[in-house]
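Novice: This structure is in structure tokens; I'll ask about it shortly.
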Amino acid sequence: MTPGIGLITSPIYNKEGYTQFRNNRVKAWHMGINGEITDRISYLVKGSYQEGWGTYSAPAPQKLHSFDAMFQGIYTLGAWQFSAAYAFDKGNVFGDCNTFNLKIGYHGKIL
């Protein structure tokens with residue numbers, strides 16, 4: 001696990017069972033924006049860019065970089081909330097990844 005910083009790659013993602021950090025010298029930028037289109041429809045957009053140089057004891061042979069983004073749309077109907085999100089990661093820190101998420105939530109009293 002990492003010390004609470006999501007942009008430092010945890011050793012759990014290392015291949016071949018290596019238990020040390022491989023990239024803890026990073027510079028990163030993160031930005032997010034949210035808003036409402038109507039009373040029932042809202043959105044959330046987040047993005048991060050990271051550059052990394054490995055560790056002091058084992059510098060990376062080339063500069064590592066990663067661009068991550070998430071786009072989410074939310075529809076609210078009374079106490080119910082429906083959302084869909086798409087996120088991706090491009091770069092050479094984790095490799096290229098894509099994901100899609102659907103969520104149905106209830107935000108009200110049950111009893």
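Going by the structure tokens order, chains are called A, B, ..., each with residues numbered from 1, while ligands are numbered from 1 in the order shown.
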Can you list every residue in chain A that DSSP puts in strand (DSSP E or B), as a short mmCIF file (atom, residue, chain, number, x, y, z; two decimals) with C-alpha atoms, in the first residue's frame?
Specialist:
data_model
loop_
_atom_site.label_atom_id
_atom_site.label_comp_id
_atom_site.auth_asym_id
_atom_site.auth_seq_id
_atom_site.Cartn_x
_atom_site.Cartn_y
_atom_site.Cartn_z
CA VAL A 26 6.66 11.97 -9.19
CA LYS A 27 5.33 15.31 -10.31
CA ALA A 28 1.59 15.37 -10.95
CA TRP A 29 -1.29 17.66 -11.81
CA HIS A 30 -4.92 16.87 -11.02
CA MET A 31 -8.06 18.75 -11.98
CA GLY A 32 -11.76 18.09 -11.55
CA ILE A 33 -14.96 19.85 -12.44
CA ASN A 34 -18.58 19.11 -11.72
CA GLY A 35 -21.85 20.81 -12.52
CA GLU A 36 -25.54 20.49 -13.18
CA ILE A 41 -28.83 15.68 -14.57
CA SER A 42 -25.30 16.41 -13.32
CA TYR A 43 -21.78 15.55 -14.39
CA LEU A 44 -18.31 15.02 -12.97
CA VAL A 45 -15.02 15.14 -14.91
CA LYS A 46 -11.61 14.42 -13.37
CA GLY A 47 -8.17 14.23 -14.93
CA SER A 48 -4.59 13.67 -13.81
CA TYR A 49 -1.22 13.85 -15.52
CA GLN A 50 1.86 12.38 -13.88
CA GLU A 51 5.57 12.24 -14.65
CA GLY A 52 7.85 9.88 -12.74
CA TRP A 53 11.56 9.17 -12.51
CA GLY A 54 11.64 5.89 -10.54
CA PRO A 59 16.12 5.60 -11.34
CA ALA A 60 13.83 4.74 -14.25
CA PRO A 61 15.72 4.24 -17.56
CA GLN A 62 13.22 6.60 -19.22
CA LYS A 63 10.77 9.13 -17.79
CA LEU A 64 7.45 7.53 -16.84
CA HIS A 65 4.20 9.30 -17.66
CA SER A 66 0.49 8.69 -17.28
CA PHE A 67 -2.71 10.52 -18.20
CA ASP A 68 -5.87 9.39 -16.40
CA ALA A 69 -9.41 10.72 -16.85
CA MET A 70 -12.94 9.94 -15.71
CA PHE A 71 -16.26 11.16 -17.12
CA GLN A 72 -19.45 10.57 -15.13
CA GLY A 73 -23.10 11.44 -15.79
CA ILE A 74 -25.64 11.30 -12.96
CA TYR A 75 -29.44 11.23 -13.20
CA THR A 76 -31.44 11.84 -9.99
CA LEU A 77 -35.06 10.81 -9.63
CA TRP A 80 -32.87 7.27 -6.55
CA GLN A 81 -29.65 8.08 -8.36
CA PHE A 82 -28.45 6.46 -11.60
CA SER A 83 -24.97 7.06 -12.92
CA ALA A 84 -22.69 5.92 -15.70
CA ALA A 85 -18.95 6.54 -15.80
CA TYR A 86 -16.10 5.92 -18.22
CA ALA A 87 -12.44 6.11 -17.19
CA PHE A 88 -9.15 5.46 -18.92
CA ASP A 89 -5.42 5.46 -18.28
CA LYS A 90 -2.84 6.08 -21.00
CA GLY A 91 0.89 5.97 -20.45
CA CYS A 97 -6.56 0.67 -19.39
CA ASN A 98 -10.26 1.42 -19.96
CA THR A 99 -13.27 0.84 -17.73
CA PHE A 100 -17.00 1.52 -17.66
CA ASN A 101 -19.20 1.65 -14.56
CA LEU A 102 -22.97 1.63 -14.01
CA LYS A 103 -24.41 2.46 -10.60
CA ILE A 104 -27.88 2.58 -9.07
CA GLY A 105 -28.12 4.17 -5.63
CA TYR A 106 -30.87 4.99 -3.15
#
Novice: If you count only C-alpha atoms, which residues fall within 9 Å of region 16-22 of chain A, apart from same-chain ones fewer than 5 positions away, as a ChimeraX atom specification?
Specialist: /A:2,8-11,54-55,58-60
Novice: Take the residues that were just selected and, keeping N, CA and C atoms, output them as a short mmCIF file (atom, residue, chain, number, x, y, z; two decimals), in the first residue's frame.
Specialist:
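The resulting file, part.cif, is reproduced below:
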data_model
loop_
_atom_site.label_atom_id
_atom_site.label_comp_id
_atom_site.auth_asym_id
_atom_site.auth_seq_id
_atom_site.Cartn_x
_atom_site.Cartn_y
_atom_site.Cartn_z
N THR A 2 0.31 2.34 -0.44
CA THR A 2 1.04 3.60 -0.48
C THR A 2 0.62 4.48 0.69
N ILE A 8 1.29 7.56 -6.47
CA ILE A 8 2.51 6.77 -6.28
C ILE A 8 2.12 5.31 -6.42
N THR A 9 2.75 4.63 -7.33
CA THR A 9 2.40 3.25 -7.64
C THR A 9 2.71 2.32 -6.47
N SER A 10 1.70 1.62 -6.00
CA SER A 10 1.85 0.69 -4.89
C SER A 10 2.66 -0.53 -5.32
N PRO A 11 3.46 -1.11 -4.42
CA PRO A 11 4.20 -2.33 -4.75
C PRO A 11 3.30 -3.51 -5.10
N GLY A 54 11.20 7.07 -11.30
CA GLY A 54 11.64 5.89 -10.54
C GLY A 54 11.90 6.24 -9.09
N THR A 55 12.93 5.66 -8.50
CA THR A 55 13.33 5.96 -7.12
C THR A 55 14.75 6.50 -7.13
N ALA A 58 17.02 3.50 -7.55
CA ALA A 58 16.86 2.80 -8.84
C ALA A 58 16.10 3.71 -9.80
N PRO A 59 16.79 4.70 -10.40
CA PRO A 59 16.12 5.60 -11.34
C PRO A 59 15.55 4.85 -12.55
N ALA A 60 14.44 5.35 -13.06
CA ALA A 60 13.83 4.74 -14.25
C ALA A 60 14.73 5.01 -15.46
#
Novice: Which is closer to Ile110 (chain A) than all the others in A:Gly95, A:Ile5, A:Ala79, A:Ile12, using only C-alpha atoms?
Specialist: A:Ala79
